[in-house]
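A.B. asks: Have a look at this one.
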Amino acid sequence: MEKGLLMVFTGDGKGKTTAALGMAMRSAGHGFRVCVVQFIKGSWKYGELEAVKRFGAEIDFRVMGRGFTFKSDDIEKDRALAHEAWEYAQLAMFSREYHLIILDEFTYLLNYGMVGQTEFLDVMAQKPENLHIAVTGRSAPHAVIKAADLVTEMREIKHPFKEQGILAQKGIEF
Ligand code: ATP
Ligand code: MG
C-alpha cells in the first residue's frame, strides 16, 4: 500500500532539519521532485541551499521569513511573511508537482499563532493522497502529532554547545 505521509520531526535534540533534508536527497535520487520551504531563524548561510543550487535539479528550495523569535522587532512583518510562506506551501501542495514537501521549522509558525492549527490541519487533511509532507521544528503541537502518520522526537543526550561551549560549525549546524 502506498500512502502520502504526514511526518513530523520534533524535539529539542539536533537532527530535525537534517533528517528531512536527508529524505529530500533520497527522494531526489529516485528522480522525484521535492519542495523545501525553509523558515529561517537568524542569519546563518545554510549549506543546504548552496548544495541544492549546485546538485539539486529535483529540489525546489524556497527560503522564507527572517527569523522567528520572541524578540521580533516587527511582529506584523513576521505575520505577513508567515502568511506568505503558508500560501506558498499550499500552492506547492496542490500543484501536484511534488512527491515530497518539507515545511522546515513550521512548528514555530503554529506555536506563535502565525498560522492557525485548525487551518493547518484542515489543509493537511485535504492534501493529495500520494503527497508526502515533512514538518520540522521544536514543540510540535499535540494536535499535529495526533494527525501525523510518522512522528520522531529528537531527544538531546549531549550537545557540544552545552557541554563544551562549542559554537555552531560550518557544515554541521549550517
Ligand atoms: P539540524 O538543522 O542540525 O538538523 P535541528 O533542525 O534539529 O538541527 P533546530 O531546532 O532547527 O535543530 O536548531 C538549529 C540549530 O541549533 C542546530 O544546528 C543545532 O545544532 C542547534 N541546537 C540544537 N539543539 C541545541 C541545544 N540543545 N543547544 C544548543 N544548540 C542546539
Ligand atoms: Mg531545524
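The chains in the C-alpha cells are called A, B, ... from first to last as shown; in each chain the residues are counted from 1, and the ligands are counted from 1 in the order shown.
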Can you list every residue in stretch 83-144 of chain A that DSSP puts in alpha helix (DSSP H), as a PyMOL selection string?

C.D. replies: chain A and resi 83-95+106-111+117-125+142-144

A.B. asks: May I have the residues within 10 Å of ligand 1, computed using only C-alpha atoms and all ligand atoms, as number ranges by chain?

C.D. replies: A: 9-22, 39-42, 44, 46, 48, 104-105, 108, 136-139, 153-163, 165-174

A.B. asks: Expressed in Å to a single decimal, how great is the separation between atom CA of A:Glu58 and atom CA of A:Ala148?

C.D. replies: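 A separation of 25.3 Å between them.
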
A.B. asks: For each of A:Val37, A:Ile75, A:Val52, A:Ala80, take the minimum atom-to-atom distance to ligand 2, counting only C-alpha atoms and all ligand atoms, then give the residue where this is smallest.

C.D. replies: A:Val37

A.B. asks: Taking into account only C-alpha atoms and all ligand atoms, which residue in the set A:Leu103, A:Arg79, A:His142, A:Glu84 is nearest to ligand 2?

C.D. replies: A:Leu103

A.B. asks: Please determine, counting only C-alpha atoms, which residue among A:Arg66, A:Arg54, A:Arg33, A:Lys146 has the shortest atom-to-atom distance to A:Arg96.

C.D. replies: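 Residue with the minimum atom-to-atom distance to A:Arg96: A:Arg33.
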
A.B. asks: I'd like the interatomic distance between atom CA of A:Val34 and atom CA of A:Glu97, to a tenth of an Å.

C.D. replies: 8.4 Å

A.B. asks: Nearest residue to A:Val144 out of A:Leu49, A:Met93, A:Leu121, A:Leu100, using only C-alpha atoms?

C.D. replies: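 Of the candidates, the smallest distance to A:Val144 is held by A:Leu121.
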
A.B. asks: Please compute the atom CA of A:Val8-atom CA of A:Phe55 distance, one decimal, in Å.

C.D. replies: 25.8 Å

A.B. asks: For the structure I just gave you, how does DSSP split stretch 9-107 of chain A - specifically, which residues are strand (DSSP E or B)? Reply as number ranges by chain.

C.D. replies: A: 9-10, 34-39, 59-64, 100-104

A.B. asks: Name the residues in contact with A:Ile101 at a cut-off of 6 Å, using only C-alpha atoms, excluding same-chain residues fewer than 5 positions from it; report them as a ChimeraX atom specification.

C.D. replies: /A:34-36,133

A.B. asks: Choose the residue, out of A:Asp74, A:Lys3, A:Ile102, A:Ser95, that has the smallest atom-to-atom separation from A:Arg62; count only C-alpha atoms.

C.D. replies: A:Ile102

A.B. asks: Counting only C-alpha atoms, which residue out of A:Ala134, A:Leu109, A:Leu91, A:Ala125 sits closest to A:Gly65?

C.D. replies: A:Leu109
